[in-house]
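Reproduced below: data12.cif, with mmCIF, C-alpha atoms.
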```
data_data
#
loop_
_atom_site.label_atom_id
_atom_site.label_comp_id
_atom_site.auth_asym_id
_atom_site.auth_seq_id
_atom_site.Cartn_x
_atom_site.Cartn_y
_atom_site.Cartn_z
CA MET I 1 -21.34 13.26 17.25
CA ASP I 2 -20.41 10.78 14.53
CA LYS I 3 -19.53 7.45 16.19
CA ARG I 4 -17.68 6.27 13.09
CA SER I 5 -15.28 9.22 13.37
CA LEU I 6 -14.79 8.42 17.05
CA LEU I 7 -14.00 4.79 16.21
CA ASP I 8 -11.56 5.86 13.49
CA LEU I 9 -9.70 8.07 15.99
CA LEU I 10 -9.57 5.26 18.55
CA ARG I 11 -8.15 2.86 15.96
CA ARG I 12 -5.46 5.37 15.06
CA ASP I 13 -4.45 6.07 18.68
CA ALA I 14 -6.48 4.70 21.61
CA ARG I 15 -4.17 6.41 24.11
CA GLU I 16 -5.42 9.91 23.31
CA SER I 17 -7.25 11.62 26.11
CA VAL I 18 -11.00 12.19 25.96
CA ASP I 19 -10.30 15.94 25.78
CA ASP I 20 -8.03 15.51 22.75
CA ILE I 21 -10.56 13.27 21.01
CA ALA I 22 -13.35 15.75 21.75
CA ARG I 23 -11.28 18.60 20.33
CA GLN I 24 -10.63 16.63 17.11
CA LEU I 25 -14.31 15.79 16.75
CA GLY I 26 -15.51 19.27 17.66
CA ALA I 27 -17.56 17.74 20.46
CA ASP I 28 -17.97 18.10 24.20
CA ALA I 29 -15.64 15.91 26.31
CA GLU I 30 -18.57 14.63 28.38
CA ALA I 31 -20.41 13.57 25.20
CA VAL I 32 -17.28 11.75 23.98
CA ALA I 33 -16.85 9.98 27.35
CA ALA I 34 -20.51 8.94 27.29
CA ALA I 35 -20.19 7.68 23.69
CA LEU I 36 -17.08 5.67 24.64
CA ASP I 37 -18.89 4.15 27.62
CA GLU I 38 -21.81 3.22 25.37
CA LEU I 39 -19.55 1.69 22.69
CA GLU I 40 -17.80 -0.40 25.35
CA ALA I 41 -21.07 -1.46 27.02
CA ASP I 42 -22.58 -2.45 23.64
CA GLY I 43 -19.53 -4.57 22.83
CA VAL I 44 -18.54 -2.45 19.83
CA VAL I 45 -15.20 -1.61 21.45
CA ARG I 46 -13.88 -4.91 22.80
CA GLY I 47 -10.52 -3.77 24.13
CA TYR I 48 -7.43 -1.69 23.59
CA GLN I 49 -4.12 -3.21 22.49
CA ALA I 50 -0.62 -2.12 21.63
CA VAL I 51 0.83 -2.84 18.19
CA VAL I 52 4.14 -4.59 18.94
CA ASP I 53 7.11 -4.76 16.58
CA TRP I 54 8.35 -8.19 17.70
CA ASP I 55 11.61 -7.74 15.80
CA ARG I 56 12.59 -5.16 18.42
CA VAL I 57 11.93 -7.48 21.37
CA ALA I 58 14.74 -9.70 22.64
CA ASP I 59 12.47 -12.70 23.33
CA GLU I 60 11.69 -15.02 20.44
CA HIS I 61 8.13 -14.71 19.18
CA VAL I 62 6.79 -16.73 16.27
CA ARG I 63 3.58 -16.20 14.33
CA ALA I 64 2.00 -18.34 11.67
CA GLN I 65 -1.03 -17.98 9.48
CA VAL I 66 -2.92 -21.23 9.23
CA GLU I 67 -5.45 -22.15 6.56
CA VAL I 68 -8.01 -24.63 7.84
CA ASP I 69 -10.48 -26.65 5.76
CA VAL I 70 -13.43 -28.24 7.52
CA GLU I 71 -16.24 -30.59 6.59
CA LEU I 72 -19.57 -29.78 8.18
CA ASP I 73 -22.25 -32.27 9.13
CA ARG I 74 -25.89 -31.83 10.15
CA GLU I 75 -25.03 -31.33 13.83
CA THR I 76 -21.97 -29.10 13.49
CA GLY I 77 -21.72 -25.63 11.97
CA TYR I 78 -18.96 -23.08 11.49
CA GLU I 79 -19.90 -21.26 14.69
CA GLU I 80 -19.40 -24.37 16.83
CA ILE I 81 -16.01 -25.12 15.28
CA ALA I 82 -14.95 -21.49 15.65
CA THR I 83 -15.96 -21.50 19.32
CA ARG I 84 -13.75 -24.53 19.98
CA ILE I 85 -10.75 -23.08 18.13
CA ALA I 86 -11.07 -19.59 19.66
CA ARG I 87 -10.66 -20.99 23.19
CA PHE I 88 -6.99 -21.83 22.61
CA PRO I 89 -4.69 -19.10 23.98
CA GLU I 90 -2.28 -19.63 21.05
CA VAL I 91 -4.97 -18.36 18.64
CA ALA I 92 -4.55 -14.61 18.16
CA THR I 93 -6.97 -14.23 15.25
CA LEU I 94 -9.70 -16.49 13.89
CA ARG I 95 -11.78 -15.67 10.84
CA LEU I 96 -14.26 -17.51 8.63
CA VAL I 97 -13.23 -16.60 5.07
CA SER I 98 -14.29 -17.15 1.50
CA GLY I 99 -12.05 -18.85 -1.01
CA ASP I 100 -10.01 -22.04 -1.03
CA TYR I 101 -10.24 -22.71 2.72
CA ASP I 102 -12.75 -22.07 5.49
CA PHE I 103 -10.89 -20.56 8.44
CA PHE I 104 -7.91 -18.25 8.72
CA ILE I 105 -6.09 -18.58 12.04
CA GLU I 106 -3.17 -16.51 13.25
CA VAL I 107 -1.24 -18.53 15.82
CA GLU I 108 1.45 -17.21 18.17
CA GLY I 109 4.10 -19.12 20.08
CA GLU I 110 7.61 -18.97 21.47
CA SER I 111 9.15 -21.11 18.70
CA MET I 112 8.38 -22.67 15.35
CA HIS I 113 8.28 -26.02 17.14
CA ASP I 114 5.62 -24.75 19.58
CA VAL I 115 3.45 -23.41 16.77
CA SER I 116 3.90 -26.55 14.67
CA ASN I 117 2.99 -28.78 17.62
CA PHE I 118 -0.05 -26.67 18.41
CA VAL I 119 -1.37 -27.01 14.86
CA SER I 120 -0.65 -30.73 14.61
CA GLU I 121 -1.80 -31.70 18.12
CA ARG I 122 -4.68 -29.30 18.79
CA ILE I 123 -6.12 -28.04 15.49
CA ALA I 124 -5.62 -30.94 13.04
CA PRO I 125 -7.24 -33.56 15.34
CA ILE I 126 -10.54 -31.65 15.53
CA PRO I 127 -12.95 -34.11 13.86
CA GLU I 128 -14.32 -31.64 11.30
CA VAL I 129 -10.87 -30.43 10.20
CA THR I 130 -9.86 -32.03 6.91
CA LYS I 131 -6.72 -30.03 6.07
CA THR I 132 -4.36 -27.43 7.50
CA VAL I 133 -1.69 -25.38 5.74
CA THR I 134 0.71 -23.41 7.94
CA HIS I 135 2.57 -20.31 6.74
CA PHE I 136 5.19 -19.02 9.18
CA VAL I 137 5.50 -15.23 9.22
CA MET I 138 9.06 -14.34 8.24
CA ASP I 139 8.79 -10.55 8.61
CA SER I 140 6.08 -7.97 9.21
CA TYR I 141 6.01 -4.59 7.52
CA LYS I 142 2.65 -3.25 8.67
CA GLU I 143 0.33 -4.19 11.55
CA GLU I 144 -3.13 -2.73 12.18
CA GLY I 145 -2.38 0.17 9.83
CA ILE I 146 0.95 0.99 11.47
CA GLU I 147 4.17 0.60 9.48
CA LEU I 148 6.91 -1.32 11.26
CA GLY I 149 10.63 -1.16 10.74
CA ASP I 150 13.52 1.08 11.68
CA GLY I 151 11.70 4.33 10.91
CA ASP I 152 14.37 5.38 8.40
CA ASP I 153 12.20 5.94 5.34
CA ASP I 154 14.79 7.91 3.35
CA ASP I 155 16.11 5.40 0.81
CA ARG I 156 17.69 8.06 -1.41
CA LEU I 157 21.33 7.73 -2.33
CA SER I 158 23.73 10.43 -1.21
CA VAL I 159 24.93 12.73 -3.96
CA SER I 160 28.35 14.34 -3.65
CA PRO I 161 29.60 17.14 -5.90
#
```
Rewritten as C-alpha cells:
Amino acid sequence: MDKRSLLDLLRRDARESVDDIARQLGADAEAVAAALDELEADGVVRGYQAVVDWDRVADEHVRAQVEVDVELDRETGYEEIATRIARFPEVATLRLVSGDYDFFIEVEGESMHDVSNFVSERIAPIPEVTKTVTHFVMDSYKEEGIELGDGDDDDRLSVSP
C-alpha cells in the first residue's frame, strides 16, 4: 500500500473509517489500520484537527501572521529560538522561512488587544528578536485546502425573459 496515498486521504478527511479508506486504496482494512498505527508511532501523523470557519462562531477569535527577524550568536541557533516560541499556547503555527524575515508565526487570541500584547510582551522581548511585523487576518477564504464561506458558489446573475 502506498503510504503517500493514505496520507493524502487523511488530509482530505481524517474522519473516514478505516474500511472506507481501505476501499479507496484497494487495500485490506487490517493493513490500513496497521499502516495508520505505524505512521502515528513514527510521528509522521501528529494529530487530527478540525478546520474551523471562525466567521460562523459567535465568540470572537482573532488571528495574526507575525514576521519575526532574529540575530543569531555563537551560542544560539534557530532551533533554540523556535523551541522557546513554540511553547506559547497563543502560537498556532511556527515556521522558519526564507526571504525578508526568519520566522513566520500564526498567533491566535480572543481580541486584537490580546494578540498585540502577546507579540509586544512575549515575542519582541526575546533577546535574539530584532524586529516583528504583525498582520491581522481580516478574512479567510481557504484553510488547509478547504474553501470557507457561505457555500453559495453560484455568482451568476438571474436572467428573466
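Once the PyMOL selection byres ((chain I and resi 79) around 12) is applied to the depicted file, the selected set reads Val70, Leu72, Glu75, Thr76, Gly77, Tyr78, Glu80, Ile81, Ala82, Thr83, Arg84, Ile85, Ala86, Leu94, Arg95, Leu96, Asp102 and Phe103 of chain I.
With only C-alpha atoms taken into account, the protein and nucleic acid residues at most 10 Å from Phe104 (chain I) (excluding it and anything under 4 positions from it in its own chain) are Gln65, Val66, Glu67, Val68, Asp69, Thr93, Leu94, Arg95, Leu96, Val97, Ser98, Thr132 and Val133 of chain I.
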Please produce an output containing C-alpha atoms for each residue in the selection, written as a compact mmCIF listing (two decimals), in the frame of the given file.
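Result file is out.txt:
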```
# COMPACT_ATOMS: atom_id res chain seq x y z
CA GLN I 65 -1.03 -17.98 9.48
CA VAL I 66 -2.92 -21.23 9.23
CA GLU I 67 -5.45 -22.15 6.56
CA VAL I 68 -8.01 -24.63 7.84
CA ASP I 69 -10.48 -26.65 5.76
CA THR I 93 -6.97 -14.23 15.25
CA LEU I 94 -9.70 -16.49 13.89
CA ARG I 95 -11.78 -15.67 10.84
CA LEU I 96 -14.26 -17.51 8.63
CA VAL I 97 -13.23 -16.60 5.07
CA SER I 98 -14.29 -17.15 1.50
CA THR I 132 -4.36 -27.43 7.50
CA VAL I 133 -1.69 -25.38 5.74
```
For the structure provided, state which residues fall under the PyMOL selection byres ((chain I and resi 45-55) around 9), and present them as a short mmCIF file (atom, residue, chain, number, x, y, z; two decimals) with C-alpha atoms, keeping the file's coordinate frame.
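Output below, filename expr-v9.cif:
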```cif
data_model
loop_
_atom_site.label_atom_id
_atom_site.label_comp_id
_atom_site.auth_asym_id
_atom_site.auth_seq_id
_atom_site.Cartn_x
_atom_site.Cartn_y
_atom_site.Cartn_z
CA LEU I 7 -14.00 4.79 16.21
CA LEU I 10 -9.57 5.26 18.55
CA ARG I 11 -8.15 2.86 15.96
CA ALA I 14 -6.48 4.70 21.61
CA ARG I 15 -4.17 6.41 24.11
CA LEU I 36 -17.08 5.67 24.64
CA LEU I 39 -19.55 1.69 22.69
CA GLU I 40 -17.80 -0.40 25.35
CA ALA I 41 -21.07 -1.46 27.02
CA ASP I 42 -22.58 -2.45 23.64
CA GLY I 43 -19.53 -4.57 22.83
CA VAL I 44 -18.54 -2.45 19.83
CA ARG I 56 12.59 -5.16 18.42
CA VAL I 57 11.93 -7.48 21.37
CA ALA I 58 14.74 -9.70 22.64
CA ASP I 59 12.47 -12.70 23.33
CA GLU I 60 11.69 -15.02 20.44
CA HIS I 61 8.13 -14.71 19.18
CA VAL I 62 6.79 -16.73 16.27
CA ASP I 139 8.79 -10.55 8.61
CA SER I 140 6.08 -7.97 9.21
CA GLU I 143 0.33 -4.19 11.55
CA GLU I 144 -3.13 -2.73 12.18
CA ILE I 146 0.95 0.99 11.47
CA LEU I 148 6.91 -1.32 11.26
CA GLY I 149 10.63 -1.16 10.74
#
```
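Taking CA of Arg74 (chain I) as the reference point, CA of Val91 (chain I) is found at 26.3 Å.
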Practice task
Just the residues within 12 Å of Leu6 (chain I), please, counting all atoms listed in the file, with nothing from its chain fewer than 3 positions along; format it as a ChimeraX atom specification.
Solution key: /I:1-3,9-14,16,18,20-27,29,31-36,39,44-45
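Distances to Met112 (chain I) were evaluated for I:Val129, I:Val159, I:Ala124, I:Val137 using only C-alpha atoms, and the minimum falls at I:Val137.
Here CA of Ile123 (chain I) and CA of Ala64 (chain I) stand 13.2 Å from one another.
CA of Tyr101 (chain I) lies 8.8 Å from CA of Lys131 (chain I).
Each of I:Glu38, I:Glu71, I:Glu106, I:Glu90 was compared to Ile126 (chain I) using only C-alpha atoms, and I:Glu71 turns out to be the nearest.
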